[in-house]
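Everything below belongs to target21.cif, which stores mmCIF, N, CA and C atoms.
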```
data_entry
loop_
_atom_site.group_PDB
_atom_site.id
_atom_site.type_symbol
_atom_site.label_atom_id
_atom_site.label_comp_id
_atom_site.auth_asym_id
_atom_site.auth_seq_id
_atom_site.Cartn_x
_atom_site.Cartn_y
_atom_site.Cartn_z
ATOM 1 N N MET A 1 -7.139 104.401 -189.216
ATOM 2 C CA MET A 1 -7.071 104.295 -187.783
ATOM 3 C C MET A 1 -5.633 104.558 -187.360
ATOM 4 N N ASP A 2 -5.479 105.394 -186.363
ATOM 5 C CA ASP A 2 -4.157 105.691 -185.821
ATOM 6 C C ASP A 2 -3.751 104.610 -184.834
ATOM 7 N N LEU A 3 -2.529 104.122 -184.991
ATOM 8 C CA LEU A 3 -1.974 103.150 -184.053
ATOM 9 C C LEU A 3 -1.076 103.877 -183.063
ATOM 10 N N PRO A 4 -1.103 103.513 -181.800
ATOM 11 C CA PRO A 4 -0.169 104.093 -180.838
ATOM 12 C C PRO A 4 1.267 103.750 -181.237
ATOM 13 N N LYS A 5 2.208 104.593 -180.869
ATOM 14 C CA LYS A 5 3.614 104.360 -181.213
ATOM 15 C C LYS A 5 4.121 103.035 -180.667
ATOM 16 N N LYS A 6 3.506 102.577 -179.579
ATOM 17 C CA LYS A 6 3.897 101.317 -178.942
ATOM 18 C C LYS A 6 3.634 100.109 -179.857
ATOM 19 N N ILE A 7 2.636 100.214 -180.738
ATOM 20 C CA ILE A 7 2.270 99.114 -181.623
ATOM 21 C C ILE A 7 2.797 99.399 -183.019
ATOM 22 N N LYS A 8 3.644 98.546 -183.523
ATOM 23 C CA LYS A 8 4.207 98.678 -184.867
ATOM 24 C C LYS A 8 3.362 97.860 -185.832
ATOM 25 N N SER A 9 2.911 98.470 -186.908
ATOM 26 C CA SER A 9 2.036 97.761 -187.850
ATOM 27 C C SER A 9 2.745 96.565 -188.482
ATOM 28 N N ALA A 10 4.069 96.613 -188.627
ATOM 29 C CA ALA A 10 4.822 95.498 -189.204
ATOM 30 C C ALA A 10 4.801 94.283 -188.276
ATOM 31 N N ASP A 11 4.594 94.512 -186.986
ATOM 32 C CA ASP A 11 4.570 93.409 -186.021
ATOM 33 C C ASP A 11 3.223 92.684 -185.978
ATOM 34 N N LEU A 12 2.196 93.295 -186.544
ATOM 35 C CA LEU A 12 0.879 92.664 -186.531
ATOM 36 C C LEU A 12 0.841 91.528 -187.540
ATOM 37 N N GLU A 13 0.179 90.460 -187.171
ATOM 38 C CA GLU A 13 0.096 89.286 -188.034
ATOM 39 C C GLU A 13 -0.997 89.461 -189.077
ATOM 40 N N LYS A 14 -0.724 89.016 -190.271
ATOM 41 C CA LYS A 14 -1.733 89.051 -191.324
ATOM 42 C C LYS A 14 -2.613 87.819 -191.186
ATOM 43 N N ARG A 15 -3.872 87.974 -191.530
ATOM 44 C CA ARG A 15 -4.864 86.911 -191.479
ATOM 45 C C ARG A 15 -5.064 86.360 -190.066
ATOM 46 N N ALA A 16 -4.844 87.185 -189.064
ATOM 47 C CA ALA A 16 -5.085 86.787 -187.676
ATOM 48 C C ALA A 16 -6.423 87.385 -187.237
ATOM 49 N N VAL A 17 -7.085 86.717 -186.328
ATOM 50 C CA VAL A 17 -8.354 87.210 -185.807
ATOM 51 C C VAL A 17 -8.063 88.026 -184.554
ATOM 52 N N CYS A 18 -8.513 89.283 -184.580
ATOM 53 C CA CYS A 18 -8.270 90.178 -183.454
ATOM 54 C C CYS A 18 -9.586 90.801 -182.990
ATOM 55 N N GLU A 19 -9.602 91.105 -181.742
ATOM 56 C CA GLU A 19 -10.707 91.880 -181.179
ATOM 57 C C GLU A 19 -10.097 93.183 -180.705
ATOM 58 N N PHE A 20 -10.728 94.301 -181.036
ATOM 59 C CA PHE A 20 -10.147 95.570 -180.637
ATOM 60 C C PHE A 20 -11.223 96.567 -180.253
ATOM 61 N N THR A 21 -10.802 97.555 -179.471
ATOM 62 C CA THR A 21 -11.655 98.690 -179.139
ATOM 63 C C THR A 21 -10.933 99.948 -179.590
ATOM 64 N N PHE A 22 -11.700 100.957 -179.918
ATOM 65 C CA PHE A 22 -11.086 102.189 -180.398
ATOM 66 C C PHE A 22 -11.906 103.391 -179.968
ATOM 67 N N ASN A 23 -11.242 104.536 -179.916
ATOM 68 C CA ASN A 23 -11.906 105.809 -179.669
ATOM 69 C C ASN A 23 -12.291 106.397 -181.012
ATOM 70 N N SER A 24 -13.454 106.968 -181.076
ATOM 71 C CA SER A 24 -13.942 107.590 -182.304
ATOM 72 C C SER A 24 -14.120 109.084 -182.051
ATOM 73 N N LEU A 25 -13.465 109.900 -182.852
ATOM 74 C CA LEU A 25 -13.571 111.352 -182.736
ATOM 75 C C LEU A 25 -14.223 111.883 -184.005
ATOM 76 N N LYS A 26 -15.130 112.844 -183.854
ATOM 77 C CA LYS A 26 -15.833 113.379 -185.019
ATOM 78 C C LYS A 26 -15.873 114.894 -184.927
ATOM 79 N N ALA A 27 -15.643 115.561 -186.071
ATOM 80 C CA ALA A 27 -15.700 117.020 -186.122
ATOM 81 C C ALA A 27 -16.451 117.437 -187.383
ATOM 82 N N SER A 28 -17.244 118.486 -187.259
ATOM 83 C CA SER A 28 -17.989 119.011 -188.403
ATOM 84 C C SER A 28 -17.060 119.831 -189.301
ATOM 85 N N LEU A 29 -17.311 119.767 -190.601
ATOM 86 C CA LEU A 29 -16.563 120.584 -191.553
ATOM 87 C C LEU A 29 -17.279 121.921 -191.721
ATOM 88 N N SER A 30 -16.518 122.937 -192.057
ATOM 89 C CA SER A 30 -17.126 124.244 -192.280
ATOM 90 C C SER A 30 -17.947 124.228 -193.571
ATOM 91 N N LYS A 31 -18.847 125.198 -193.700
ATOM 92 C CA LYS A 31 -19.664 125.286 -194.912
ATOM 93 C C LYS A 31 -18.782 125.473 -196.141
ATOM 94 N N LYS A 32 -17.702 126.233 -195.979
ATOM 95 C CA LYS A 32 -16.782 126.472 -197.097
ATOM 96 C C LYS A 32 -16.151 125.154 -197.554
ATOM 97 N N ASN A 33 -15.690 124.347 -196.600
ATOM 98 C CA ASN A 33 -15.087 123.059 -196.955
ATOM 99 C C ASN A 33 -16.111 122.125 -197.586
ATOM 100 N N CYS A 34 -17.342 122.133 -197.094
ATOM 101 C CA CYS A 34 -18.401 121.299 -197.672
ATOM 102 C C CYS A 34 -18.671 121.696 -199.114
ATOM 103 N N ARG A 35 -18.686 123.013 -199.394
ATOM 104 C CA ARG A 35 -18.910 123.482 -200.770
ATOM 105 C C ARG A 35 -17.784 123.033 -201.696
ATOM 106 N N ILE A 36 -16.545 123.151 -201.236
ATOM 107 C CA ILE A 36 -15.390 122.732 -202.044
ATOM 108 C C ILE A 36 -15.490 121.241 -202.365
ATOM 109 N N LEU A 37 -15.850 120.439 -201.376
ATOM 110 C CA LEU A 37 -15.993 119.003 -201.600
ATOM 111 C C LEU A 37 -17.146 118.697 -202.552
ATOM 112 N N GLU A 38 -18.247 119.443 -202.424
ATOM 113 C CA GLU A 38 -19.390 119.234 -203.315
ATOM 114 C C GLU A 38 -19.008 119.513 -204.767
ATOM 115 N N GLU A 39 -18.144 120.508 -204.993
ATOM 116 C CA GLU A 39 -17.668 120.810 -206.344
ATOM 117 C C GLU A 39 -16.921 119.628 -206.944
ATOM 118 N N LYS A 40 -16.312 118.830 -206.092
ATOM 119 C CA LYS A 40 -15.573 117.642 -206.536
ATOM 120 C C LYS A 40 -16.441 116.383 -206.434
ATOM 121 N N GLU A 41 -17.759 116.605 -206.279
ATOM 122 C CA GLU A 41 -18.744 115.533 -206.186
ATOM 123 C C GLU A 41 -18.506 114.596 -204.998
ATOM 124 N N ILE A 42 -18.076 115.197 -203.889
ATOM 125 C CA ILE A 42 -17.874 114.456 -202.641
ATOM 126 C C ILE A 42 -18.843 115.022 -201.609
ATOM 127 N N GLU A 43 -19.736 114.182 -201.122
ATOM 128 C CA GLU A 43 -20.685 114.621 -200.095
ATOM 129 C C GLU A 43 -20.142 114.236 -198.725
ATOM 130 N N MET A 44 -19.715 115.240 -197.988
ATOM 131 C CA MET A 44 -19.138 114.983 -196.661
ATOM 132 C C MET A 44 -19.312 116.234 -195.814
ATOM 133 N N ASN A 45 -19.856 116.090 -194.606
ATOM 134 C CA ASN A 45 -20.018 117.237 -193.721
ATOM 135 C C ASN A 45 -19.344 117.039 -192.365
ATOM 136 N N VAL A 46 -18.791 115.849 -192.136
ATOM 137 C CA VAL A 46 -18.016 115.584 -190.914
ATOM 138 C C VAL A 46 -16.761 114.802 -191.292
ATOM 139 N N ILE A 47 -15.788 114.874 -190.433
ATOM 140 C CA ILE A 47 -14.579 114.084 -190.599
ATOM 141 C C ILE A 47 -14.376 113.286 -189.311
ATOM 142 N N CYS A 48 -13.982 112.035 -189.454
ATOM 143 C CA CYS A 48 -13.820 111.147 -188.299
ATOM 144 C C CYS A 48 -12.377 110.690 -188.176
ATOM 145 N N GLN A 49 -11.956 110.470 -186.950
ATOM 146 C CA GLN A 49 -10.636 109.916 -186.672
ATOM 147 C C GLN A 49 -10.830 108.771 -185.688
ATOM 148 N N PHE A 50 -10.141 107.675 -185.933
ATOM 149 C CA PHE A 50 -10.241 106.505 -185.066
ATOM 150 C C PHE A 50 -8.876 106.215 -184.469
ATOM 151 N N GLU A 51 -8.832 106.030 -183.154
ATOM 152 C CA GLU A 51 -7.589 105.725 -182.449
ATOM 153 C C GLU A 51 -7.730 104.380 -181.755
ATOM 154 N N LEU A 52 -6.792 103.484 -182.028
ATOM 155 C CA LEU A 52 -6.803 102.165 -181.418
ATOM 156 C C LEU A 52 -6.568 102.288 -179.919
ATOM 157 N N LYS A 53 -7.435 101.675 -179.138
ATOM 158 C CA LYS A 53 -7.333 101.732 -177.682
ATOM 159 C C LYS A 53 -6.817 100.407 -177.113
ATOM 160 N N ASN A 54 -7.315 99.287 -177.648
ATOM 161 C CA ASN A 54 -6.934 97.978 -177.146
ATOM 162 C C ASN A 54 -7.008 96.979 -178.299
ATOM 163 N N LEU A 55 -6.025 96.094 -178.385
ATOM 164 C CA LEU A 55 -5.985 95.072 -179.425
ATOM 165 C C LEU A 55 -5.708 93.739 -178.764
ATOM 166 N N GLU A 56 -6.573 92.768 -179.041
ATOM 167 C CA GLU A 56 -6.404 91.439 -178.470
ATOM 168 C C GLU A 56 -6.360 90.426 -179.603
ATOM 169 N N LEU A 57 -5.254 89.708 -179.707
ATOM 170 C CA LEU A 57 -5.097 88.668 -180.706
ATOM 171 C C LEU A 57 -5.805 87.423 -180.198
ATOM 172 N N LEU A 58 -6.798 86.956 -180.938
ATOM 173 C CA LEU A 58 -7.564 85.786 -180.530
ATOM 174 C C LEU A 58 -6.969 84.551 -181.177
ATOM 175 N N ASP A 59 -6.676 83.579 -180.373
ATOM 176 C CA ASP A 59 -6.131 82.312 -180.858
ATOM 177 C C ASP A 59 -7.297 81.345 -180.982
ATOM 178 N N ILE A 60 -7.860 81.257 -182.173
ATOM 179 C CA ILE A 60 -9.007 80.399 -182.412
ATOM 180 C C ILE A 60 -8.588 78.938 -182.241
ATOM 181 N N GLY A 61 -9.325 78.209 -181.434
ATOM 182 C CA GLY A 61 -9.004 76.805 -181.191
ATOM 183 C C GLY A 61 -8.161 76.605 -179.941
ATOM 184 N N SER A 62 -7.798 77.681 -179.280
ATOM 185 C CA SER A 62 -7.007 77.601 -178.055
ATOM 186 C C SER A 62 -7.659 78.508 -177.022
ATOM 187 N N THR A 63 -7.381 78.271 -175.762
ATOM 188 C CA THR A 63 -7.970 79.100 -174.709
ATOM 189 C C THR A 63 -7.104 80.310 -174.403
ATOM 190 N N GLU A 64 -5.899 80.376 -174.950
ATOM 191 C CA GLU A 64 -4.994 81.487 -174.681
ATOM 192 C C GLU A 64 -5.149 82.564 -175.738
ATOM 193 N N SER A 65 -4.937 83.829 -175.344
ATOM 194 C CA SER A 65 -4.928 84.931 -176.291
ATOM 195 C C SER A 65 -3.909 85.966 -175.818
ATOM 196 N N ALA A 66 -3.341 86.689 -176.762
ATOM 197 C CA ALA A 66 -2.377 87.737 -176.437
ATOM 198 C C ALA A 66 -3.129 89.045 -176.336
ATOM 199 N N ASP A 67 -2.791 89.874 -175.349
ATOM 200 C CA ASP A 67 -3.485 91.123 -175.124
ATOM 201 C C ASP A 67 -2.476 92.263 -175.224
ATOM 202 N N VAL A 68 -2.765 93.243 -176.077
ATOM 203 C CA VAL A 68 -1.902 94.417 -176.234
ATOM 204 C C VAL A 68 -2.723 95.621 -175.874
ATOM 205 N N LYS A 69 -2.260 96.410 -174.886
ATOM 206 C CA LYS A 69 -2.954 97.613 -174.478
ATOM 207 C C LYS A 69 -2.262 98.816 -175.096
ATOM 208 N N ALA A 70 -3.042 99.734 -175.612
ATOM 209 C CA ALA A 70 -2.500 100.976 -176.183
ATOM 210 C C ALA A 70 -2.485 102.040 -175.091
ATOM 211 N N GLU A 71 -1.490 102.898 -175.147
ATOM 212 C CA GLU A 71 -1.396 103.975 -174.171
ATOM 213 C C GLU A 71 -1.563 105.301 -174.852
#
```

In structure tokens, write the structure found in this file.
Amino acid sequence: MDLPKKIKSADLEKRAVCEFTFNSLKASLSKKNCRILEEKEIEMNVICQFELKNLELLDIGSTESADVKAE
């Protein structure tokens, strides 16, 4: 998943509960690329990319939560 430049992965907390939304992009692979992958015993005919749209840190046990919007 691609993170917006505004969000630094080092700043994200480990073992924190988050709610997030993301954009999903999908593109078909060409027949030539599918054949090459099949030769390597990889079955794949599409490639997907995920972009983080919104990340909300949920504070379990509290009514407050931090909200980070991606641009």

Compare A:Leu57, A:Leu52, A:Met44, A:Ala27 by their minimum atom-to-atom distance to Pro4 (chain A), counting only N, CA and C atoms, and give me the closest one.
-> A:Leu52

Secondary structure check, strand (DSSP E) residues of chain A, as number ranges by chain | A: 17-28, 46-58, 65-69

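Among the candidate residues A:Ile47, A:Ile7, A:Leu55, A:Ala16, the one lying nearest to Leu29 (chain A) is A:Ile47, with distances computed using only N, CA and C atoms.
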
Interatomic distance (Å, one decimal) between CA of Cys34 (chain A) and CA of Phe22 (chain A) = 26.8 Å

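Here atom N of Asp59 (chain A) is placed at a distance of 27.3 Å from atom N of Leu25 (chain A).
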
Within 9 Å of Phe50 (chain A), counting only C-alpha atoms, which residues show up once you throw out same-chain ones fewer than 4 positions away? Write them as a PyMOL selection string, please.
-> chain A and resi 1-3+22-26

Would you export the selected residues with N, CA and C atoms as a PDB file, keeping the file's coordinate frame, please?
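Result written to part08.pdb:
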```
ATOM      1  N   MET A   1      -7.139 104.401-189.216  1.00  0.00           N
ATOM      2  CA  MET A   1      -7.071 104.295-187.783  1.00  0.00           C
ATOM      3  C   MET A   1      -5.633 104.558-187.360  1.00  0.00           C
ATOM      4  N   ASP A   2      -5.479 105.394-186.363  1.00  0.00           N
ATOM      5  CA  ASP A   2      -4.157 105.691-185.821  1.00  0.00           C
ATOM      6  C   ASP A   2      -3.751 104.610-184.834  1.00  0.00           C
ATOM      7  N   LEU A   3      -2.529 104.122-184.991  1.00  0.00           N
ATOM      8  CA  LEU A   3      -1.974 103.150-184.053  1.00  0.00           C
ATOM      9  C   LEU A   3      -1.076 103.877-183.063  1.00  0.00           C
ATOM     10  N   PHE A  22     -11.700 100.957-179.918  1.00  0.00           N
ATOM     11  CA  PHE A  22     -11.086 102.189-180.398  1.00  0.00           C
ATOM     12  C   PHE A  22     -11.906 103.391-179.968  1.00  0.00           C
ATOM     13  N   ASN A  23     -11.242 104.536-179.916  1.00  0.00           N
ATOM     14  CA  ASN A  23     -11.906 105.809-179.669  1.00  0.00           C
ATOM     15  C   ASN A  23     -12.291 106.397-181.012  1.00  0.00           C
ATOM     16  N   SER A  24     -13.454 106.968-181.076  1.00  0.00           N
ATOM     17  CA  SER A  24     -13.942 107.590-182.304  1.00  0.00           C
ATOM     18  C   SER A  24     -14.120 109.084-182.051  1.00  0.00           C
ATOM     19  N   LEU A  25     -13.465 109.900-182.852  1.00  0.00           N
ATOM     20  CA  LEU A  25     -13.571 111.352-182.736  1.00  0.00           C
ATOM     21  C   LEU A  25     -14.223 111.883-184.005  1.00  0.00           C
ATOM     22  N   LYS A  26     -15.130 112.844-183.854  1.00  0.00           N
ATOM     23  CA  LYS A  26     -15.833 113.379-185.019  1.00  0.00           C
ATOM     24  C   LYS A  26     -15.873 114.894-184.927  1.00  0.00           C
TER      25      LYS A  26
END
```

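Taking atom N of Val17 (chain A) as the reference point, CA of Asn54 (chain A) is found at 14.5 Å.
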
Which parts of chain A does DSSP call helix (DSSP H, G or I) when run on the backbone here, written out as a VMD selection string?
-> chain A and resid 9 to 11 31 to 39

Rank A:Lys6, A:Thr21, A:Lys31, A:Leu12 by their smallest atom-to-atom distance to Glu51 (chain A), using only C-alpha atoms, and report the top residue only.
-> A:Thr21

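The shortest atom-to-atom distance to Ser28 (chain A), with all atoms listed in the file taken into account, belongs to A:Asn45 out of A:Asn45, A:Leu58, A:Ala10, A:Lys40.
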